[in-house]
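Enquirer: This is coords22.pdb, which holds PDB, C-alpha atoms:
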```pdb
ATOM      1  CA  MET A   1      -2.967-111.308  21.404  1.00  0.00           C
ATOM      2  CA  SER A   2      -4.569-108.082  22.502  1.00  0.00           C
ATOM      3  CA  VAL A   3      -2.665-106.014  19.969  1.00  0.00           C
ATOM      4  CA  GLU A   4      -2.900-108.642  17.239  1.00  0.00           C
ATOM      5  CA  ARG A   5      -6.659-109.015  17.604  1.00  0.00           C
ATOM      6  CA  GLY A   6      -7.433-105.423  18.476  1.00  0.00           C
ATOM      7  CA  VAL A   7      -9.188-106.371  21.704  1.00  0.00           C
ATOM      8  CA  SER A   8      -8.668-105.386  25.325  1.00  0.00           C
ATOM      9  CA  ILE A   9      -6.454-107.278  27.744  1.00  0.00           C
ATOM     10  CA  ASN A  10      -9.600-108.081  29.725  1.00  0.00           C
ATOM     11  CA  GLU A  11     -11.100-109.753  26.639  1.00  0.00           C
ATOM     12  CA  VAL A  12      -7.973-111.899  26.143  1.00  0.00           C
ATOM     13  CA  GLU A  13      -8.065-112.925  29.795  1.00  0.00           C
ATOM     14  CA  LYS A  14     -11.739-113.836  29.513  1.00  0.00           C
ATOM     15  CA  THR A  15     -11.526-115.800  26.249  1.00  0.00           C
ATOM     16  CA  GLU A  16      -8.079-117.384  26.465  1.00  0.00           C
ATOM     17  CA  LEU A  17      -7.465-117.771  30.187  1.00  0.00           C
ATOM     18  CA  ASN A  18     -10.964-118.469  31.472  1.00  0.00           C
ATOM     19  CA  GLY A  19     -10.901-115.235  33.443  1.00  0.00           C
ATOM     20  CA  GLN A  20      -7.471-115.684  35.009  1.00  0.00           C
ATOM     21  CA  SER A  21      -5.233-112.620  35.061  1.00  0.00           C
ATOM     22  CA  LEU A  22      -2.166-112.308  32.887  1.00  0.00           C
ATOM     23  CA  GLN A  23       1.081-112.018  34.804  1.00  0.00           C
ATOM     24  CA  GLY A  24       2.407-108.481  34.950  1.00  0.00           C
ATOM     25  CA  ILE A  25      -0.650-106.572  33.783  1.00  0.00           C
ATOM     26  CA  SER A  26      -1.729-105.440  37.249  1.00  0.00           C
ATOM     27  CA  THR A  27       1.898-104.624  38.073  1.00  0.00           C
ATOM     28  CA  THR A  28       2.076-102.384  35.011  1.00  0.00           C
ATOM     29  CA  TYR A  29      -0.948-100.440  36.207  1.00  0.00           C
ATOM     30  CA  ASP A  30       0.427-100.227  39.763  1.00  0.00           C
ATOM     31  CA  VAL A  31       3.806 -98.965  38.556  1.00  0.00           C
ATOM     32  CA  ASN A  32       2.167 -96.406  36.287  1.00  0.00           C
ATOM     33  CA  ASN A  33      -0.065 -95.142  39.097  1.00  0.00           C
ATOM     34  CA  PHE A  34       2.974 -94.789  41.363  1.00  0.00           C
ATOM     35  CA  LEU A  35       5.043 -92.988  38.722  1.00  0.00           C
ATOM     36  CA  LYS A  36       2.145 -90.682  37.902  1.00  0.00           C
ATOM     37  CA  SER A  37       1.575 -89.857  41.573  1.00  0.00           C
ATOM     38  CA  LYS A  38       5.247 -88.876  41.902  1.00  0.00           C
ATOM     39  CA  GLY A  39       5.364 -86.990  38.586  1.00  0.00           C
ATOM     40  CA  MET A  40       8.027 -89.382  37.336  1.00  0.00           C
ATOM     41  CA  GLU A  41       6.466 -90.874  34.191  1.00  0.00           C
ATOM     42  CA  ASN A  42       8.979 -89.131  31.926  1.00  0.00           C
ATOM     43  CA  GLU A  43      11.874 -90.565  33.928  1.00  0.00           C
ATOM     44  CA  PHE A  44      10.732 -94.124  33.172  1.00  0.00           C
ATOM     45  CA  PRO A  45       9.683 -94.051  29.521  1.00  0.00           C
ATOM     46  CA  LEU A  46       9.635 -97.828  29.029  1.00  0.00           C
ATOM     47  CA  PHE A  47       7.144 -98.367  31.864  1.00  0.00           C
ATOM     48  CA  THR A  48       5.040 -95.514  30.518  1.00  0.00           C
ATOM     49  CA  ALA A  49       5.225 -96.896  26.967  1.00  0.00           C
ATOM     50  CA  VAL A  50       4.081-100.357  28.066  1.00  0.00           C
ATOM     51  CA  TYR A  51       1.210 -98.817  30.022  1.00  0.00           C
ATOM     52  CA  ASN A  52       0.142 -96.756  26.991  1.00  0.00           C
ATOM     53  CA  ILE A  53       0.253 -99.836  24.773  1.00  0.00           C
ATOM     54  CA  LEU A  54      -1.942-101.746  27.209  1.00  0.00           C
ATOM     55  CA  GLU A  55      -4.355 -98.820  27.287  1.00  0.00           C
ATOM     56  CA  GLY A  56      -4.492 -98.709  23.482  1.00  0.00           C
ATOM     57  CA  ASN A  57      -2.881 -95.263  23.316  1.00  0.00           C
ATOM     58  CA  ALA A  58       0.223 -96.512  21.488  1.00  0.00           C
ATOM     59  CA  LYS A  59       1.316 -99.475  19.383  1.00  0.00           C
ATOM     60  CA  PRO A  60       4.227-101.828  20.096  1.00  0.00           C
ATOM     61  CA  GLN A  61       6.061-100.570  17.018  1.00  0.00           C
ATOM     62  CA  ASP A  62       6.031 -97.074  18.616  1.00  0.00           C
ATOM     63  CA  ILE A  63       8.314 -98.174  21.479  1.00  0.00           C
ATOM     64  CA  PRO A  64      11.585 -96.848  19.982  1.00  0.00           C
ATOM     65  CA  ASP A  65      10.067 -93.379  19.601  1.00  0.00           C
ATOM     66  CA  LEU A  66       8.384 -93.521  23.005  1.00  0.00           C
ATOM     67  CA  ILE A  67      11.544 -94.361  24.933  1.00  0.00           C
ATOM     68  CA  GLU A  68      13.986 -92.047  23.164  1.00  0.00           C
ATOM     69  CA  PRO A  69      15.035 -89.105  25.309  1.00  0.00           C
ATOM     70  CA  LYS A  70      13.477 -85.857  24.158  1.00  0.00           C
ATOM     71  CA  ASP A  71      15.701 -82.848  23.497  1.00  0.00           C
ATOM     72  CA  PHE A  72      14.561 -79.772  25.342  1.00  0.00           C
ATOM     73  CA  ASP A  73      16.870 -77.162  23.807  1.00  0.00           C
TER      74      ASP A  73
END
```
Could you spell out this file's structure in structure tokens?

Expert:
Amino acid sequence: MSVERGVSINEVEKTELNGQSLQGISTTYDVNNFLKSKGMENEFPLFTAVYNILEGNAKPQDIPDLIEPKDFD
């Protein structure tokens, strides 16, 4: 709904769930904070991609590009 409507996750929680939290959202932020603190975001591209989608920095259709290993020749 967030992506479809172009609104924040917090707005979806407020309007659709009467303020209840969506399952997994806080976990996504916790995992990202942990990975970032360990400098491991690039080792877990799917977690990082989901976080960036939730933050509005990427779109769901970007996932294939976001999780593909990068060549560092």

Enquirer: With a distance cut-off of 10 Å and all atoms listed in the file, select the neighbouring residues of Ile25 of chain A, excluding the residue or stretch itself and same-chain residues fewer than 5 positions from it, and output the selection as an MDAnalysis selection string.

Expert: chainID A and resid 9:10 30 50:51 54

Enquirer: Figure out the distance between atom CA of Glu43 of chain A and atom CA of Tyr29 of chain A, please, to one decimal in Å.

Expert: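 Here the two named atoms are 16.3 Å from each other.
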
Enquirer: What do you get, as an mmCIF file with C-alpha atoms, in the coordinates of the input, if you spell out every residue that the PyMOL selection byres ((chain A and resi 63) around 12) selects here?

Expert:
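Output file selection-v8.cif follows:
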```cif
data_model
loop_
_atom_site.group_PDB
_atom_site.id
_atom_site.type_symbol
_atom_site.label_atom_id
_atom_site.label_comp_id
_atom_site.auth_asym_id
_atom_site.auth_seq_id
_atom_site.Cartn_x
_atom_site.Cartn_y
_atom_site.Cartn_z
ATOM 1 C CA PRO A 45 9.683 -94.051 29.521
ATOM 2 C CA LEU A 46 9.635 -97.828 29.029
ATOM 3 C CA PHE A 47 7.144 -98.367 31.864
ATOM 4 C CA THR A 48 5.040 -95.514 30.518
ATOM 5 C CA ALA A 49 5.225 -96.896 26.967
ATOM 6 C CA VAL A 50 4.081 -100.357 28.066
ATOM 7 C CA TYR A 51 1.210 -98.817 30.022
ATOM 8 C CA ASN A 52 0.142 -96.756 26.991
ATOM 9 C CA ILE A 53 0.253 -99.836 24.773
ATOM 10 C CA ASN A 57 -2.881 -95.263 23.316
ATOM 11 C CA ALA A 58 0.223 -96.512 21.488
ATOM 12 C CA LYS A 59 1.316 -99.475 19.383
ATOM 13 C CA PRO A 60 4.227 -101.828 20.096
ATOM 14 C CA GLN A 61 6.061 -100.570 17.018
ATOM 15 C CA ASP A 62 6.031 -97.074 18.616
ATOM 16 C CA PRO A 64 11.585 -96.848 19.982
ATOM 17 C CA ASP A 65 10.067 -93.379 19.601
ATOM 18 C CA LEU A 66 8.384 -93.521 23.005
ATOM 19 C CA ILE A 67 11.544 -94.361 24.933
ATOM 20 C CA GLU A 68 13.986 -92.047 23.164
ATOM 21 C CA PRO A 69 15.035 -89.105 25.309
#
```

Enquirer: Just so the selection is clear, what residues does the PyMOL selection byres ((chain A and resi 22) around 10) cover here, as a list of chain:residue names?

Expert: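 When the PyMOL selection byres ((chain A and resi 22) around 10) is applied, the selected residues are A:Ile9, A:Asn10, A:Val12, A:Glu13, A:Leu17, A:Gly19, A:Gln20, A:Ser21, A:Gln23, A:Gly24, A:Ile25, A:Ser26.
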
Enquirer: Please indicate the distance in Å from atom CA of Met1 of chain A to atom CA of Thr15 of chain A, rounded to one decimal place.

Expert: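 Between these atoms lies a distance of 10.8 Å.
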
Enquirer: When you draw a straight line from atom CA of Leu35 of chain A to atom CA of Val7 of chain A, how long is it in Å?

Expert: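 Between atom CA of Leu35 of chain A and atom CA of Val7 of chain A the gap works out to 25.9 Å.
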
Enquirer: Could you give me the axis-aligned bounding box of segment 47-57 of chain A, with 6 Å of padding per side, as centre plus edge lengths in Å to one decimal, as AutoDock Vina command-line options?

Expert:
```
--center_x 1.3 --center_y -98.5 --center_z 27.6 --size_x 23.6 --size_y 18.5 --size_z 20.5
```

Enquirer: Have segment 14-32 of chain A completed to N, CA and C atoms, please, and pass it along as a PDB file, in the frame of the given file.

Expert:
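Just written: rebuild.pdb:
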```
ATOM      1  N   LYS A  14     -10.452-113.154  29.456  1.00  0.00           N
ATOM      2  CA  LYS A  14     -11.739-113.836  29.513  1.00  0.00           C
ATOM      3  C   LYS A  14     -11.798-115.007  28.530  1.00  0.00           C
ATOM      4  N   THR A  15     -11.364-114.784  27.280  1.00  0.00           N
ATOM      5  CA  THR A  15     -11.526-115.800  26.249  1.00  0.00           C
ATOM      6  C   THR A  15     -10.421-116.850  26.229  1.00  0.00           C
ATOM      7  N   GLU A  16      -9.209-116.455  26.575  1.00  0.00           N
ATOM      8  CA  GLU A  16      -8.079-117.384  26.465  1.00  0.00           C
ATOM      9  C   GLU A  16      -7.664-117.995  27.797  1.00  0.00           C
ATOM     10  N   LEU A  17      -7.943-117.305  28.882  1.00  0.00           N
ATOM     11  CA  LEU A  17      -7.465-117.771  30.187  1.00  0.00           C
ATOM     12  C   LEU A  17      -8.597-118.079  31.159  1.00  0.00           C
ATOM     13  N   ASN A  18      -9.805-118.186  30.630  1.00  0.00           N
ATOM     14  CA  ASN A  18     -10.964-118.469  31.472  1.00  0.00           C
ATOM     15  C   ASN A  18     -11.073-117.516  32.655  1.00  0.00           C
ATOM     16  N   GLY A  19     -10.760-116.253  32.416  1.00  0.00           N
ATOM     17  CA  GLY A  19     -10.901-115.235  33.443  1.00  0.00           C
ATOM     18  C   GLY A  19      -9.700-115.039  34.347  1.00  0.00           C
ATOM     19  N   GLN A  20      -8.676-115.877  34.207  1.00  0.00           N
ATOM     20  CA  GLN A  20      -7.471-115.684  35.009  1.00  0.00           C
ATOM     21  C   GLN A  20      -6.740-114.440  34.531  1.00  0.00           C
ATOM     22  N   SER A  21      -5.969-113.832  35.420  1.00  0.00           N
ATOM     23  CA  SER A  21      -5.233-112.620  35.061  1.00  0.00           C
ATOM     24  C   SER A  21      -3.879-112.955  34.463  1.00  0.00           C
ATOM     25  N   LEU A  22      -3.501-112.181  33.460  1.00  0.00           N
ATOM     26  CA  LEU A  22      -2.166-112.308  32.887  1.00  0.00           C
ATOM     27  C   LEU A  22      -1.135-111.791  33.882  1.00  0.00           C
ATOM     28  N   GLN A  23       0.000-112.452  33.932  1.00  0.00           N
ATOM     29  CA  GLN A  23       1.081-112.018  34.804  1.00  0.00           C
ATOM     30  C   GLN A  23       1.606-110.656  34.346  1.00  0.00           C
ATOM     31  N   GLY A  24       1.773-109.752  35.260  1.00  0.00           N
ATOM     32  CA  GLY A  24       2.407-108.481  34.950  1.00  0.00           C
ATOM     33  C   GLY A  24       1.473-107.346  34.593  1.00  0.00           C
ATOM     34  N   ILE A  25       0.255-107.642  34.201  1.00  0.00           N
ATOM     35  CA  ILE A  25      -0.650-106.572  33.783  1.00  0.00           C
ATOM     36  C   ILE A  25      -0.986-105.674  34.969  1.00  0.00           C
ATOM     37  N   SER A  26      -1.384-106.266  36.087  1.00  0.00           N
ATOM     38  CA  SER A  26      -1.729-105.440  37.249  1.00  0.00           C
ATOM     39  C   SER A  26      -0.504-104.687  37.762  1.00  0.00           C
ATOM     40  N   THR A  27       0.664-105.306  37.661  1.00  0.00           N
ATOM     41  CA  THR A  27       1.898-104.624  38.073  1.00  0.00           C
ATOM     42  C   THR A  27       2.153-103.397  37.207  1.00  0.00           C
ATOM     43  N   THR A  28       1.892-103.519  35.921  1.00  0.00           N
ATOM     44  CA  THR A  28       2.076-102.384  35.011  1.00  0.00           C
ATOM     45  C   THR A  28       1.204-101.213  35.431  1.00  0.00           C
ATOM     46  N   TYR A  29      -0.042-101.496  35.776  1.00  0.00           N
ATOM     47  CA  TYR A  29      -0.948-100.440  36.207  1.00  0.00           C
ATOM     48  C   TYR A  29      -0.512 -99.854  37.549  1.00  0.00           C
ATOM     49  N   ASP A  30      -0.054-100.709  38.471  1.00  0.00           N
ATOM     50  CA  ASP A  30       0.427-100.227  39.763  1.00  0.00           C
ATOM     51  C   ASP A  30       1.651 -99.334  39.604  1.00  0.00           C
ATOM     52  N   VAL A  31       2.591 -99.767  38.781  1.00  0.00           N
ATOM     53  CA  VAL A  31       3.806 -98.965  38.556  1.00  0.00           C
ATOM     54  C   VAL A  31       3.440 -97.632  37.921  1.00  0.00           C
ATOM     55  N   ASN A  32       2.559 -97.658  36.931  1.00  0.00           N
ATOM     56  CA  ASN A  32       2.167 -96.406  36.287  1.00  0.00           C
ATOM     57  C   ASN A  32       1.482 -95.460  37.275  1.00  0.00           C
TER      58      ASN A  32
END
```
